[in-house]
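Visitor: Here you go, structure_31.csv (CSV, C-alpha atoms):
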chain,number,residue,atom,x,y,z
P,1261,MET,CA,0.0,0.0,0.0
P,1262,SER,CA,1.4,3.4,-0.9
P,1263,ALA,CA,1.3,6.2,1.6
P,1264,SER,CA,1.0,9.9,0.8
P,1265,THR,CA,4.3,11.6,1.4
P,1266,SER,CA,2.9,15.2,1.2
P,1267,CYS,CA,-0.1,16.9,-0.3
P,1268,GLY,CA,-0.5,15.6,-3.8
P,1269,CYS,CA,2.6,13.4,-3.8
P,1270,ILE,CA,2.4,9.6,-3.5
P,1271,ALA,CA,5.3,7.2,-2.8
P,1272,VAL,CA,5.9,5.3,-6.0
P,1273,PRO,CA,6.5,1.5,-5.5
P,1274,ASP,CA,8.8,-0.4,-7.8
P,1275,ILE,CA,7.3,-3.4,-9.6
P,1276,ALA,CA,9.5,-6.3,-10.4
P,1277,ARG,CA,8.8,-8.1,-13.8
P,1278,GLN,CA,10.0,-11.7,-14.0
P,1279,GLY,CA,12.5,-10.9,-11.2
P,1280,LEU,CA,14.8,-9.0,-13.6
P,1281,THR,CA,13.4,-5.6,-14.5
P,1282,VAL,CA,12.3,-3.0,-12.1
P,1283,LEU,CA,9.8,-0.4,-13.2
P,1284,GLY,CA,8.5,2.5,-11.3
P,1285,ALA,CA,4.7,2.3,-11.1
P,1286,THR,CA,3.8,5.9,-12.0
P,1287,PRO,CA,0.7,7.5,-13.4
P,1288,THR,CA,0.7,9.0,-16.9
P,1289,THR,CA,0.5,12.7,-17.3
P,1290,ALA,CA,-3.2,12.4,-18.3
P,1291,GLN,CA,-3.8,10.5,-15.0
P,1292,GLU,CA,-2.0,13.0,-12.9
P,1293,ASP,CA,-3.2,16.2,-14.6
P,1294,LEU,CA,-6.7,15.5,-16.0
P,1295,LEU,CA,-6.7,18.7,-18.1
P,1296,GLY,CA,-3.1,18.2,-19.3
P,1297,GLY,CA,-3.6,15.0,-21.2
P,1298,ILE,CA,-3.0,15.2,-25.0
P,1299,ASP,CA,-6.0,14.4,-27.1
P,1300,ARG,CA,-7.5,15.0,-30.5
P,1301,ILE,CA,-11.1,16.1,-30.3
P,1302,LEU,CA,-13.6,15.9,-33.2
P,1303,PHE,CA,-17.0,17.4,-32.4
P,1304,PRO,CA,-20.0,15.8,-34.1
P,1305,LEU,CA,-22.4,17.9,-36.1
P,1306,GLU,CA,-24.9,18.0,-33.2
P,1307,VAL,CA,-22.4,20.2,-31.3
P,1308,VAL,CA,-23.3,23.6,-32.5
P,1309,THR,CA,-22.3,26.1,-29.7
P,1310,VAL,CA,-19.2,26.8,-27.7
P,1311,GLY,CA,-21.0,25.6,-24.6
P,1312,ASP,CA,-21.9,22.3,-26.3
P,1313,ALA,CA,-18.3,21.9,-27.4
P,1314,LEU,CA,-16.9,22.7,-23.9
P,1315,ALA,CA,-19.2,20.2,-22.3
P,1316,ALA,CA,-18.4,17.5,-24.9
P,1317,ALA,CA,-14.6,18.1,-24.5
P,1318,LEU,CA,-14.9,17.7,-20.7
P,1319,GLU,CA,-17.1,14.7,-20.8
P,1320,SER,CA,-14.5,12.0,-20.2
P,1321,SER,CA,-12.1,14.2,-18.1
P,1322,GLY,CA,-13.9,14.0,-14.8
P,1323,TYR,CA,-14.2,17.8,-14.9
P,1324,ARG,CA,-17.4,19.8,-15.6
P,1325,LEU,CA,-18.4,23.4,-16.3
P,1326,ALA,CA,-19.0,25.4,-13.2
P,1327,VAL,CA,-22.4,27.0,-12.7
P,1328,SER,CA,-22.3,29.9,-10.2
P,1329,ALA,CA,-23.9,33.3,-9.8
P,1330,GLU,CA,-20.6,34.9,-10.6
P,1331,SER,CA,-20.1,33.0,-13.8
P,1332,ASP,CA,-23.7,33.3,-15.0
P,1333,ALA,CA,-23.3,36.7,-16.7
P,1334,SER,CA,-20.2,35.5,-18.6
P,1335,ARG,CA,-21.8,32.2,-19.4
P,1336,GLU,CA,-24.7,34.0,-21.1
P,1337,ILE,CA,-22.2,35.6,-23.5
P,1338,LEU,CA,-19.8,32.7,-24.2
P,1339,MET,CA,-21.8,29.5,-24.1
P,1340,PRO,CA,-24.4,30.2,-26.8
P,1341,LEU,CA,-21.8,31.5,-29.3
P,1342,PRO,CA,-21.7,29.3,-32.5
P,1343,LEU,CA,-18.9,26.8,-32.7
P,1344,PRO,CA,-16.5,28.0,-35.5
P,1345,ASP,CA,-15.8,25.4,-38.2
P,1346,ALA,CA,-12.1,25.9,-37.4
P,1347,HIS,CA,-12.8,24.5,-34.0
P,1348,ARG,CA,-14.7,21.4,-35.1
P,1349,THR,CA,-11.5,19.4,-34.9
P,1350,LEU,CA,-8.9,20.3,-32.3
P,1351,GLY,CA,-5.5,18.7,-31.5
P,1352,PRO,CA,-3.7,16.8,-30.7
P,1353,MET,CA,-3.2,19.2,-27.8
P,1354,PRO,CA,-3.7,19.2,-24.0
P,1355,LEU,CA,-7.3,19.4,-23.0
P,1356,ARG,CA,-6.6,22.6,-21.1
P,1357,LEU,CA,-5.4,24.3,-24.3
P,1358,ALA,CA,-8.4,22.9,-26.3
P,1359,LEU,CA,-10.7,24.5,-23.7
P,1360,GLN,CA,-8.9,27.8,-24.0
P,1361,THR,CA,-9.0,27.6,-27.8
P,1362,LEU,CA,-12.7,27.0,-27.8
P,1363,ALA,CA,-13.3,30.0,-25.5
P,1364,GLY,CA,-10.9,32.3,-27.4
P,1365,PRO,CA,-8.6,35.1,-26.5
P,1366,ALA,CA,-11.2,37.2,-24.7
P,1367,TRP,CA,-11.6,34.6,-22.0
P,1368,ARG,CA,-9.3,33.1,-19.3
P,1369,LEU,CA,-9.8,29.5,-18.2
P,1370,LEU,CA,-10.3,29.1,-14.4
P,1371,GLU,CA,-9.7,25.7,-12.8
P,1372,ASP,CA,-11.0,24.3,-9.5
P,1373,PRO,CA,-9.1,21.0,-9.1
P,1374,VAL,CA,-10.8,20.3,-5.7
P,1375,HIS,CA,-14.3,20.2,-7.2
P,1376,ARG,CA,-13.1,19.4,-10.7
P,1377,LEU,CA,-14.8,22.4,-12.2
P,1378,VAL,CA,-13.8,24.8,-14.9
P,1379,ALA,CA,-15.1,28.2,-15.7
P,1380,PHE,CA,-14.2,31.2,-17.8
P,1381,GLU,CA,-13.8,34.9,-17.0
P,1382,ARG,CA,-13.4,37.7,-19.4
P,1383,CYS,CA,-9.9,39.1,-19.7
P,1384,SER,CA,-9.7,42.7,-18.4
P,1385,ALA,CA,-9.2,44.1,-21.9
P,1386,PHE,CA,-12.6,42.8,-22.9
P,1387,ARG,CA,-14.6,43.4,-19.7
P,1388,GLU,CA,-16.3,46.6,-21.0
P,1389,VAL,CA,-17.4,44.9,-24.3
P,1390,ARG,CA,-21.1,43.9,-24.2
Would it be possible to restate this file's structure as structure tokens?
Guide:
Amino acid sequence: MSASTSCGCIAVPDIARQGLTVLGATPTTAQEDLLGGIDRILFPLEVVTVGDALAAALESSGYRLAVSAESDASREILMPLPLPDAHRTLGPMPLRLALQTLAGPAWRLLEDPVHRLVAFERCSAFREVR
């Protein structure tokens, strides 16, 4: 049984294979950093908005879009935007970058790893734009 050595760190046991080779049993990048895994995303034709695409991209990641009073105003702007044809296929790239690409340069990705939530806030240069 492995014990946690500090917050977020786990002692890695060695696994012997046929008594000759020793391998460190370590998680992959995608397993350690759920938004950092490299993937190629192809959105089906039913995905027509940025919000649909964000939800579809997050589907197998364990993360979901945050719904809060603070993010509601921004959600009303970003989520119903039409999905650009250029974004129908993304990657291969980290999921985090795919999410940021879908939102565009006017938005900053916010991550809550404790609750596995993501949200977006408008960058300061675009806050006054309605």
Visitor: Between P:Thr1349, P:Leu1302, P:Leu1325, P:Ser1320, which residue has the minimum interatomic distance to His1375 in chain P, considering all atoms listed in the file?
Guide: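 Closest residue, counting all atoms listed in the file: P:Leu1325.
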Visitor: Please measure the separation of CA of Gly1364 in chain P and CA of Thr1288 in chain P, giving the value in Å to one decimal.
Guide: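 Computing it gives 28.1 Å between the two atoms.
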Visitor: Looking at only C-alpha atoms, which of P:Leu1314, P:Ala1290, P:Ala1326, P:Ala1385 is the one that sits closest to Glu1371 in chain P?
Guide: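 Checking each candidate against Glu1371 in chain P, we get P:Ala1326 as the closest.
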Visitor: Quick check, in Å to one decimal: how far apart do CA of Ala1366 in chain P and CA of Arg1335 in chain P lie?
Guide: 12.9 Å
Visitor: Kindly indicate which residue among P:Arg1376, P:Gln1360, P:Gly1311, P:His1347 lies nearest to Ser1334 in chain P, using all atoms listed in the file for the distances.
Guide: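 Checking each candidate against Ser1334 in chain P, we get P:Gly1311 as the closest.
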Visitor: Would you please work out which residue, of P:Leu1341, P:Met1353, P:Val1374, P:Ala1333, is nearest to Arg1387 in chain P when using all atoms listed in the file?
Guide: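 The answer is P:Ala1333, which sits nearest to Arg1387 in chain P.
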Visitor: Would you list the contacts of range 1379-1384 of chain P as a PyMOL selection string, taking every protein, DNA or RNA residue within 12 Å and counting all atoms listed in the file, but skipping same-chain residues closer than 5 positions in sequence?
Guide: chain P and resi 1310-1311+1314-1315+1318+1323-1339+1356+1359-1373+1389-1390
Visitor: Tell me, in Å to one decimal, how far CA of Gly1351 in chain P is from CA of Gly1297 in chain P.
Guide: 11.1 Å
Visitor: Need to verify the contact set: Ile1298 in chain P, 7 Å, all atoms listed in the file, exclusion of same-chain residues closer than 5 positions in sequence. Can you return it as a PyMOL selection string?
Guide: chain P and resi 1352-1355
Visitor: I need the residue nearest Leu1305 in chain P from this list: P:Leu1350, P:Asp1345, P:Ala1358, P:Phe1386. Use all atoms listed in the file for the distance.
Guide: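 Closest to Leu1305 in chain P, using all atoms listed in the file: P:Asp1345.
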Visitor: Find the residue from P:Leu1295, P:Pro1344, P:Ser1321, P:Ala1285 that sits nearest to Thr1309 in chain P; use only C-alpha atoms when measuring.
Guide: P:Pro1344
